[in-house]
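Text of model.txt, listed as compact mmCIF, C-alpha atoms:
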# COMPACT_ATOMS: atom_id res chain seq x y z
CA GLY A 197 -32.47 32.60 146.69
CA ALA A 198 -31.48 30.74 143.56
CA GLY A 199 -29.15 32.52 141.22
CA VAL A 200 -28.54 32.05 137.52
CA SER A 201 -27.65 28.46 136.73
CA GLN A 202 -26.00 27.04 133.65
CA SER A 203 -25.49 23.53 132.38
CA PRO A 204 -23.35 21.70 131.71
CA SER A 205 -20.53 23.25 133.69
CA ASN A 206 -18.01 21.68 131.34
CA LYS A 207 -18.43 20.37 127.81
CA VAL A 208 -15.79 18.72 125.68
CA THR A 209 -16.72 18.04 122.09
CA GLU A 210 -15.10 17.14 118.82
CA LYS A 211 -14.72 19.60 115.99
CA GLY A 212 -17.77 19.54 113.74
CA LYS A 213 -20.25 18.42 116.38
CA ASP A 214 -23.21 20.49 117.56
CA VAL A 215 -23.55 21.58 121.19
CA GLU A 216 -26.35 23.03 123.28
CA LEU A 217 -25.72 25.18 126.34
CA ARG A 218 -28.50 25.90 128.79
CA CYS A 219 -29.20 28.89 131.01
CA ASP A 220 -31.79 29.12 133.78
CA PRO A 221 -32.18 32.77 134.75
CA ILE A 222 -33.36 34.11 138.06
CA SER A 223 -37.10 33.68 138.33
CA GLY A 224 -38.95 36.76 137.18
CA HIS A 225 -36.05 38.30 135.28
CA THR A 226 -37.28 39.35 131.87
CA ALA A 227 -33.90 40.15 130.34
CA LEU A 228 -31.32 37.48 129.54
CA TYR A 229 -27.86 37.88 128.04
CA TRP A 230 -25.26 35.52 126.62
CA TYR A 231 -21.56 36.36 126.63
CA ARG A 232 -18.44 34.38 125.94
CA GLN A 233 -15.01 34.73 127.43
CA SER A 234 -11.93 33.35 125.73
CA LEU A 235 -8.90 32.51 127.81
CA GLY A 236 -7.43 35.64 129.37
CA GLN A 237 -9.86 37.93 127.60
CA GLY A 238 -12.75 40.13 128.66
CA LEU A 239 -16.34 39.23 128.00
CA GLU A 240 -17.75 39.36 124.47
CA PHE A 241 -21.47 40.04 124.12
CA LEU A 242 -23.38 37.54 122.01
CA ILE A 243 -27.14 38.08 122.28
CA TYR A 244 -29.82 39.70 124.42
CA PHE A 245 -33.37 38.53 125.08
CA GLN A 246 -36.25 40.59 126.39
CA GLY A 247 -38.90 38.01 127.17
CA ASN A 248 -38.82 35.46 124.37
CA SER A 249 -37.66 37.81 121.66
CA ALA A 250 -34.09 38.75 120.82
CA PRO A 251 -33.94 42.42 119.82
CA ASP A 252 -30.15 42.36 119.75
CA LYS A 253 -28.29 39.49 118.10
CA SER A 254 -25.43 41.66 117.00
CA GLY A 255 -22.77 39.75 118.87
CA LEU A 256 -23.35 36.32 117.40
CA PRO A 257 -20.07 35.62 115.57
CA SER A 258 -21.47 33.50 112.75
CA ASP A 259 -24.61 31.74 111.53
CA ARG A 260 -23.42 28.61 113.33
CA PHE A 261 -24.53 30.30 116.54
CA SER A 262 -28.18 30.58 117.49
CA ALA A 263 -30.16 30.99 120.66
CA GLU A 264 -33.73 30.72 121.77
CA ARG A 265 -35.70 31.42 124.88
CA THR A 266 -39.00 29.82 125.75
CA GLY A 267 -41.63 30.78 128.28
CA GLY A 268 -39.68 33.88 129.14
CA SER A 269 -37.36 31.72 131.19
CA VAL A 270 -34.87 29.07 130.07
CA SER A 271 -32.54 29.88 127.18
CA THR A 272 -30.49 27.57 124.99
CA LEU A 273 -27.43 28.63 123.03
CA THR A 274 -26.68 26.27 120.15
CA ILE A 275 -23.41 26.09 118.29
CA GLN A 276 -23.47 24.02 115.13
CA ARG A 277 -20.43 22.42 113.52
CA THR A 278 -18.17 23.54 116.35
CA GLN A 279 -14.69 24.84 115.57
CA GLN A 280 -11.66 25.01 117.84
CA GLU A 281 -11.98 28.80 118.05
CA ASP A 282 -15.36 28.31 119.71
CA SER A 283 -13.55 27.06 122.81
CA ALA A 284 -14.36 29.52 125.60
CA VAL A 285 -16.41 29.99 128.74
CA TYR A 286 -19.99 30.85 127.83
CA LEU A 287 -21.65 33.05 130.43
CA CYS A 288 -25.31 33.82 130.88
CA ALA A 289 -26.72 36.76 132.82
CA SER A 290 -30.20 37.96 133.65
CA ASN A 291 -31.83 41.01 135.15
CA GLU A 292 -35.04 42.89 135.59
CA ARG A 293 -34.58 46.04 133.58
CA GLY A 294 -34.72 48.99 135.91
CA LEU A 295 -32.80 51.85 137.35
CA ARG A 296 -29.86 49.90 138.72
CA ASP A 297 -29.71 47.56 135.73
CA GLU A 298 -27.38 45.15 137.53
CA GLN A 299 -26.77 41.94 135.63
CA PHE A 300 -26.58 38.68 137.58
CA PHE A 301 -24.20 36.16 136.06
CA GLY A 302 -24.19 32.41 136.14
CA PRO A 303 -21.03 30.34 136.68
CA GLY A 304 -20.59 29.69 132.97
CA THR A 305 -20.11 26.66 130.77
CA ARG A 306 -16.55 25.87 129.77
CA LEU A 307 -16.61 24.57 126.19
CA THR A 308 -13.57 22.80 124.79
CA VAL A 309 -13.56 21.84 121.12
CA LEU A 310 -10.91 19.27 120.28
CA ASP B 252 -15.69 49.40 122.09
CA ALA B 253 -13.02 50.07 124.73
CA LYS B 254 -14.29 53.23 126.38
CA THR B 255 -12.24 52.69 129.53
CA THR B 256 -8.57 52.30 130.37
CA GLN B 257 -7.37 50.38 133.41
CA PRO B 258 -3.95 49.19 134.59
CA PRO B 259 -3.56 45.48 133.84
CA SER B 260 -2.57 44.50 137.36
CA MET B 261 -2.17 45.76 140.93
CA ASP B 262 -1.13 44.34 144.27
CA CYS B 263 -2.52 45.31 147.66
CA ALA B 264 -1.59 44.21 151.17
CA GLU B 265 -4.33 42.45 153.10
CA GLY B 266 -6.20 44.85 155.36
CA ARG B 267 -5.15 47.92 153.42
CA ALA B 268 -7.29 49.96 151.07
CA ALA B 269 -7.21 48.96 147.42
CA ASN B 270 -7.62 51.88 145.02
CA LEU B 271 -8.36 50.85 141.46
CA PRO B 272 -8.24 53.63 138.85
CA CYS B 273 -10.15 53.89 135.61
CA ASN B 274 -9.93 56.45 132.83
CA HIS B 275 -13.01 57.17 130.74
CA SER B 276 -12.18 60.45 129.05
CA THR B 277 -14.83 60.09 126.31
CA ILE B 278 -17.73 59.42 128.68
CA SER B 279 -21.04 60.97 127.62
CA GLY B 280 -23.34 62.93 129.87
CA ASN B 281 -25.87 60.11 130.12
CA GLU B 282 -23.36 57.31 130.70
CA TYR B 283 -22.86 55.73 134.08
CA VAL B 284 -19.68 54.18 135.45
CA TYR B 285 -20.18 50.54 136.49
CA TRP B 286 -17.76 48.25 138.28
CA TYR B 287 -17.90 44.48 138.20
CA ARG B 288 -15.41 41.93 139.42
CA GLN B 289 -14.70 38.36 138.42
CA ILE B 290 -13.20 35.94 140.87
CA HIS B 291 -11.37 33.02 139.29
CA SER B 292 -13.70 30.46 137.67
CA GLN B 293 -16.84 32.45 138.53
CA GLY B 294 -19.13 34.75 136.59
CA PRO B 295 -18.76 38.51 137.01
CA GLN B 296 -20.34 40.14 140.04
CA TYR B 297 -21.77 43.64 140.20
CA ILE B 298 -20.04 45.94 142.71
CA ILE B 299 -21.28 49.49 142.33
CA HIS B 300 -22.19 52.15 139.83
CA GLY B 301 -22.53 55.93 139.71
CA LEU B 302 -23.23 58.88 137.45
CA LYS B 303 -21.43 61.88 138.93
CA ASN B 304 -21.76 61.72 142.70
CA ASN B 305 -19.55 59.54 144.83
CA GLU B 306 -21.26 56.31 145.85
CA THR B 307 -20.74 53.87 148.70
CA ASN B 308 -22.25 50.50 149.46
CA GLU B 309 -21.40 47.50 151.57
CA MET B 310 -18.73 46.36 149.13
CA ALA B 311 -16.92 49.46 147.99
CA SER B 312 -16.82 53.19 147.36
CA LEU B 313 -16.76 54.85 143.96
CA ILE B 314 -15.11 58.22 143.54
CA ILE B 315 -15.83 60.02 140.26
CA THR B 316 -13.86 63.14 139.34
CA GLU B 317 -15.75 66.35 138.79
CA ASP B 318 -15.12 66.27 135.03
CA ARG B 319 -16.20 62.58 135.05
CA LYS B 320 -13.19 61.59 132.96
CA SER B 321 -11.86 59.19 135.55
CA SER B 322 -12.93 57.28 138.62
CA THR B 323 -11.50 55.18 141.42
CA LEU B 324 -12.97 52.10 143.02
CA ILE B 325 -11.98 51.79 146.66
CA LEU B 326 -12.09 48.57 148.64
CA PRO B 327 -11.52 49.95 152.13
CA HIS B 328 -10.05 46.86 153.80
CA ALA B 329 -8.95 44.36 151.20
CA THR B 330 -9.13 40.67 152.05
CA LEU B 331 -7.70 37.66 150.25
CA ARG B 332 -11.18 36.98 148.87
CA ASP B 333 -11.04 40.29 147.01
CA THR B 334 -8.40 38.88 144.67
CA ALA B 335 -10.11 39.11 141.28
CA VAL B 336 -10.21 40.92 137.95
CA TYR B 337 -12.01 44.25 138.30
CA TYR B 338 -13.81 45.70 135.29
CA CYS B 339 -14.71 49.35 134.85
CA ILE B 340 -17.52 49.84 132.32
CA VAL B 341 -19.29 52.93 131.04
CA ARG B 342 -22.78 52.60 129.68
CA VAL B 343 -26.19 54.16 129.55
CA SER B 344 -28.09 52.74 132.50
CA THR B 345 -31.24 52.00 130.57
CA GLY B 346 -31.65 51.23 126.92
CA ALA B 347 -28.26 49.60 126.43
CA ASN B 348 -28.49 45.88 126.14
CA ASN B 349 -25.11 44.63 127.15
CA LEU B 350 -21.93 45.38 129.03
CA PHE B 351 -18.67 46.02 127.22
CA PHE B 352 -15.96 44.40 129.31
CA GLY B 353 -12.35 45.27 128.61
CA THR B 354 -9.53 43.26 130.09
CA GLY B 355 -9.83 44.89 133.52
CA THR B 356 -7.35 45.12 136.39
CA ARG B 357 -6.14 41.94 138.03
CA LEU B 358 -5.98 42.77 141.76
CA THR B 359 -3.91 40.45 143.92
CA VAL B 360 -4.31 40.83 147.67
CA ILE B 361 -1.16 39.75 149.41
CA PRO B 362 -1.21 38.28 152.92
Could you render the structure from this file as structure tokens?
Amino acid sequence: GAGVSQSPSNKVTEKGKDVELRCDPISGHTALYWYRQSLGQGLEFLIYFQGNSAPDKSGLPSDRFSAERTGGSVSTLTIQRTQQEDSAVYLCASNERGLRDEQFFGPGTRLTVL
Amino acid sequence: DAKTTQPPSMDCAEGRAANLPCNHSTISGNEYVYWYRQIHSQGPQYIIHGLKNNETNEMASLIITEDRKSSTLILPHATLRDTAVYYCIVRVSTGANNLFFGTGTRLTVIP
């Protein structure tokens, strides 16, 4: 079956521009997570959605970062006025909260801010 | 929130067992041990998890010490496709919203 998909796979932008990253979770998964991974680093949690609401935004690094989820499905992560330190791979994961609690990850979007 | 300690890198000969250690000396009674791996240029992939009993699935075995302060992930017959970064994570299975990934162990399977 279809896994988590993300688009675009690569995004190159200029400093100061806004970018939108999209995540399509696995159908039926109510929980959705955004992480980012800087070069050679582990994953850094950004935000968690349960349905359309985001009970945990604690990982968003600044107010330039925002995310929304509509229809309990697709999510968009928006970064305004991008900075070079925003360059990273942005990963999305989804799951159906339950006993195993396994998160299914997408392939990521590689963002490069010049 | 680095609750786990792993060696930064390991090598393993193809066809041999790969044993990846993890220390989690401050683990709480309700925290599980999870293992994920990340193959180059892909998102992380769930491998296995356990609470206190040893676990086995089609991918790997997880051995947790009796005091639960450390564990070992075992890939019984490593292949070249098992080359990846392996992350050991401790978390409450339900209620926690995210996974805290450290820097993991980079396993290289050598032909």
For range 203-257 of chain A versus range 287-291 of chain B, which residues have an atom no more than 12 Å away, and what is each residue's nearest atom pair and distance in Å rounded to one decimal, using all atoms listed in the file, chain-then-number order, as a tab-separated table?
residue	atom	partner	partner_atom	distance
A:Gln233	CA	B:Gln289	CA	11.6
A:Leu235	CA	B:His291	CA	11.8
A:Gly236	CA	B:His291	CA	11.0
A:Gln237	CA	B:Gln289	CA	11.9
A:Gly238	CA	B:Gln289	CA	10.1
A:Leu239	CA	B:Gln289	CA	10.6
Judged by only C-alpha atoms, the minimum distance to chain A among B:Leu324, B:Ala268, B:Ile299, B:Leu313 is found for B:Ile299
- Select residues of chain B: the criterion is any atom within 10 Å of an atom of chain A, counting all atoms listed in the file; output as a ChimeraX atom specification. /B:285,287,292-301,336,338,343-355
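The residue set within 8 Å of range 270-279 of chain A, counting only C-alpha atoms and dropping same-chain residues fewer than 5 places from it, reads A:Glu210, A:Lys211, A:Gly212, A:Lys213, A:Asp214, A:Val215, A:Glu216, A:Leu217, A:Arg218, A:Cys219, A:Asp220, A:Pro221, A:Arg260, A:Phe261, A:Ser262, A:Ala263, A:Glu264, A:Arg265, A:Val309.
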Using only C-alpha atoms, the residue out of B:Lys303, B:Ala311, B:Arg332, B:Asp318 with shortest distance to Thr277 in chain B is B:Asp318
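The space between CA of Ala335 in chain B and CA of Ser279 in chain B spans 28.0 Å.
The coordinates place CA of Ser276 in chain B at 17.9 Å from CA of Pro259 in chain B.
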When you look at Thr266 in chain A with a cut-off of 10 Å (counting only C-alpha atoms), what residues show up, excluding the ones that are within fewer than 6 positions of it in the same chain? I need them as JSON, numbers by chain.
{"A": [247, 248, 249, 272]}
Taking all heavy atoms as the atom set, what does range 217-228 of chain A look like once completed, written as a PDB file, in the coordinates of the input?
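Listed below is the output, selection17.pdb:
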ATOM      1  N   LEU A 217     -26.032  24.682 125.000  1.00  0.00           N
ATOM      2  CA  LEU A 217     -25.720  25.180 126.340  1.00  0.00           C
ATOM      3  C   LEU A 217     -26.998  25.776 126.916  1.00  0.00           C
ATOM      4  O   LEU A 217     -27.717  26.511 126.227  1.00  0.00           O
ATOM      5  CB  LEU A 217     -24.619  26.235 126.264  1.00  0.00           C
ATOM      6  CG  LEU A 217     -23.380  25.867 125.435  1.00  0.00           C
ATOM      7  CD1 LEU A 217     -22.379  27.017 125.457  1.00  0.00           C
ATOM      8  CD2 LEU A 217     -22.734  24.598 125.941  1.00  0.00           C
ATOM      9  N   ARG A 218     -27.233  25.494 128.181  1.00  0.00           N
ATOM     10  CA  ARG A 218     -28.500  25.900 128.790  1.00  0.00           C
ATOM     11  C   ARG A 218     -28.274  26.947 129.880  1.00  0.00           C
ATOM     12  O   ARG A 218     -27.282  26.896 130.623  1.00  0.00           O
ATOM     13  CB  ARG A 218     -29.187  24.673 129.397  1.00  0.00           C
ATOM     14  CG  ARG A 218     -30.480  24.959 130.137  1.00  0.00           C
ATOM     15  CD  ARG A 218     -30.996  23.710 130.826  1.00  0.00           C
ATOM     16  NE  ARG A 218     -32.073  24.027 131.740  1.00  0.00           N
ATOM     17  CZ  ARG A 218     -33.348  23.711 131.520  1.00  0.00           C
ATOM     18  NH1 ARG A 218     -33.702  23.075 130.415  1.00  0.00           N
ATOM     19  NH2 ARG A 218     -34.274  24.017 132.415  1.00  0.00           N
ATOM     20  N   CYS A 219     -29.240  27.866 129.971  1.00  0.00           N
ATOM     21  CA  CYS A 219     -29.200  28.890 131.010  1.00  0.00           C
ATOM     22  C   CYS A 219     -30.574  28.975 131.669  1.00  0.00           C
ATOM     23  O   CYS A 219     -31.588  29.127 130.980  1.00  0.00           O
ATOM     24  CB  CYS A 219     -28.833  30.245 130.426  1.00  0.00           C
ATOM     25  SG  CYS A 219     -28.996  31.627 131.601  1.00  0.00           S
ATOM     26  N   ASP A 220     -30.587  28.896 132.993  1.00  0.00           N
ATOM     27  CA  ASP A 220     -31.790  29.120 133.780  1.00  0.00           C
ATOM     28  C   ASP A 220     -31.631  30.442 134.514  1.00  0.00           C
ATOM     29  O   ASP A 220     -30.855  30.525 135.475  1.00  0.00           O
ATOM     30  CB  ASP A 220     -32.005  28.000 134.800  1.00  0.00           C
ATOM     31  CG  ASP A 220     -32.566  26.757 134.171  1.00  0.00           C
ATOM     32  OD1 ASP A 220     -31.772  25.931 133.698  1.00  0.00           O
ATOM     33  OD2 ASP A 220     -33.796  26.631 134.154  1.00  0.00           O
ATOM     34  N   PRO A 221     -32.365  31.462 134.100  1.00  0.00           N
ATOM     35  CA  PRO A 221     -32.180  32.770 134.750  1.00  0.00           C
ATOM     36  C   PRO A 221     -32.869  32.816 136.102  1.00  0.00           C
ATOM     37  O   PRO A 221     -33.588  31.884 136.475  1.00  0.00           O
ATOM     38  CB  PRO A 221     -32.867  33.717 133.767  1.00  0.00           C
ATOM     39  CG  PRO A 221     -33.965  32.888 133.166  1.00  0.00           C
ATOM     40  CD  PRO A 221     -33.385  31.503 133.054  1.00  0.00           C
ATOM     41  N   ILE A 222     -32.651  33.897 136.803  1.00  0.00           N
ATOM     42  CA  ILE A 222     -33.360  34.110 138.060  1.00  0.00           C
ATOM     43  C   ILE A 222     -34.844  34.293 137.765  1.00  0.00           C
ATOM     44  O   ILE A 222     -35.209  35.010 136.821  1.00  0.00           O
ATOM     45  CB  ILE A 222     -32.781  35.337 138.791  1.00  0.00           C
ATOM     46  CG1 ILE A 222     -31.342  35.025 139.250  1.00  0.00           C
ATOM     47  CG2 ILE A 222     -33.652  35.747 139.966  1.00  0.00           C
ATOM     48  CD1 ILE A 222     -30.605  36.214 139.834  1.00  0.00           C
ATOM     49  N   SER A 223     -35.667  33.644 138.557  1.00  0.00           N
ATOM     50  CA  SER A 223     -37.100  33.680 138.330  1.00  0.00           C
ATOM     51  C   SER A 223     -37.610  35.115 138.318  1.00  0.00           C
ATOM     52  O   SER A 223     -37.317  35.915 139.210  1.00  0.00           O
ATOM     53  CB  SER A 223     -37.812  32.892 139.437  1.00  0.00           C
ATOM     54  OG  SER A 223     -39.209  32.970 139.277  1.00  0.00           O
ATOM     55  N   GLY A 224     -38.378  35.428 137.261  1.00  0.00           N
ATOM     56  CA  GLY A 224     -38.950  36.760 137.180  1.00  0.00           C
ATOM     57  C   GLY A 224     -38.128  37.753 136.368  1.00  0.00           C
ATOM     58  O   GLY A 224     -38.615  38.825 136.014  1.00  0.00           O
ATOM     59  N   HIS A 225     -36.882  37.397 136.075  1.00  0.00           N
ATOM     60  CA  HIS A 225     -36.050  38.300 135.280  1.00  0.00           C
ATOM     61  C   HIS A 225     -36.469  38.207 133.810  1.00  0.00           C
ATOM     62  O   HIS A 225     -36.458  37.136 133.208  1.00  0.00           O
ATOM     63  CB  HIS A 225     -34.577  37.934 135.426  1.00  0.00           C
ATOM     64  CG  HIS A 225     -33.966  38.458 136.682  1.00  0.00           C
ATOM     65  ND1 HIS A 225     -32.610  38.327 136.973  1.00  0.00           N
ATOM     66  CD2 HIS A 225     -34.498  39.127 137.726  1.00  0.00           C
ATOM     67  CE1 HIS A 225     -32.368  38.887 138.131  1.00  0.00           C
ATOM     68  NE2 HIS A 225     -33.502  39.368 138.623  1.00  0.00           N
ATOM     69  N   THR A 226     -36.805  39.350 133.245  1.00  0.00           N
ATOM     70  CA  THR A 226     -37.280  39.350 131.870  1.00  0.00           C
ATOM     71  C   THR A 226     -36.151  39.456 130.854  1.00  0.00           C
ATOM     72  O   THR A 226     -36.309  39.086 129.704  1.00  0.00           O
ATOM     73  CB  THR A 226     -38.262  40.515 131.638  1.00  0.00           C
ATOM     74  OG1 THR A 226     -37.603  41.745 131.945  1.00  0.00           O
ATOM     75  CG2 THR A 226     -39.495  40.375 132.515  1.00  0.00           C
ATOM     76  N   ALA A 227     -35.022  39.979 131.263  1.00  0.00           N
ATOM     77  CA  ALA A 227     -33.900  40.150 130.340  1.00  0.00           C
ATOM     78  C   ALA A 227     -32.873  39.052 130.571  1.00  0.00           C
ATOM     79  O   ALA A 227     -32.588  38.672 131.714  1.00  0.00           O
ATOM     80  CB  ALA A 227     -33.258  41.522 130.531  1.00  0.00           C
ATOM     81  N   LEU A 228     -32.332  38.548 129.478  1.00  0.00           N
ATOM     82  CA  LEU A 228     -31.320  37.480 129.540  1.00  0.00           C
ATOM     83  C   LEU A 228     -30.259  37.774 128.505  1.00  0.00           C
ATOM     84  O   LEU A 228     -30.552  38.204 127.386  1.00  0.00           O
ATOM     85  CB  LEU A 228     -31.973  36.121 129.276  1.00  0.00           C
ATOM     86  CG  LEU A 228     -31.103  34.868 129.440  1.00  0.00           C
ATOM     87  CD1 LEU A 228     -31.951  33.702 129.946  1.00  0.00           C
ATOM     88  CD2 LEU A 228     -30.380  34.509 128.166  1.00  0.00           C
TER      89      LEU A 228
END
